[in-house]
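J.: Quick one: the structure is below, and I'll ask about it shortly.
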Amino acid sequence: MEEILEENKKYQKTADELLKSSGLLDILKKYGEVHFAGAYSAGLMMHGDIDMRVVRDKEFTVEEVFEIFKELYFAGKFRSYFISGDWDDPRKGKEFPDGCYVGIKMDLNDERWKLDIWFVSKIELERYRQGQTYHR
């Protein structure tokens with residue numbers, strides 16, 4: 001059990017350093033409140049994966065998220081980028097909120113880190129938390 005706690009501590013520290021050094025939070029906070037989810041927020045990290053939600057009152061448009069995506073891209077801190085303006089995969093279940101998605105990856109300490117960023121309204125965040133996420 002102690003090994004698991006130490007592994008989590010190592011990943012949490014690296015995640016905190018990554019978020020700070022990349023300037024990612026400074027960029028995202030301009031567009032809404034940043035909420036963490038998944039293993040990072042639960043203190044259960046076993047690999048390089050950070051899940052985030054950028055939340056504001058009104059829904060994000062695809063055009064707005066594309067502009068944010070461009071800002072992240074030109075900041076140049078990450079290795080690969082993925083954007084989905086409307087995650088409409090029919091296999092999608094309630095594990096994802098209804099919103100726009102940006103995924104970014106980078107190599108750090110000989111490991112691939114993946115950051116999932118969802119841009120959602122406050123109403124959708126509450127629906128998601130209650131398991132009531134709807135799909136367009």
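Naming works like this for the structure tokens: A, B, ... for the chains as they're shown, residue 1 at the start of each chain, ligands 1 onward in shown order.
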Can you list, as a PyMOL selection string, every protein, DNA or RNA residue that comes within 12 Å of segment 17-19 of chain A when you count only C-alpha atoms, leaving out same-chain residues fewer than 5 positions away?
T.: chain A and resi 10-12+24-28+34+36+40+48-52+77-78+105-109+113-115
J.: Report the residues of chain A whose backbone DSSP state falls under alpha helix (DSSP H), written as a PyMOL selection string.
T.: chain A and resi 2-22+24-28+38-42+62-75+122-129
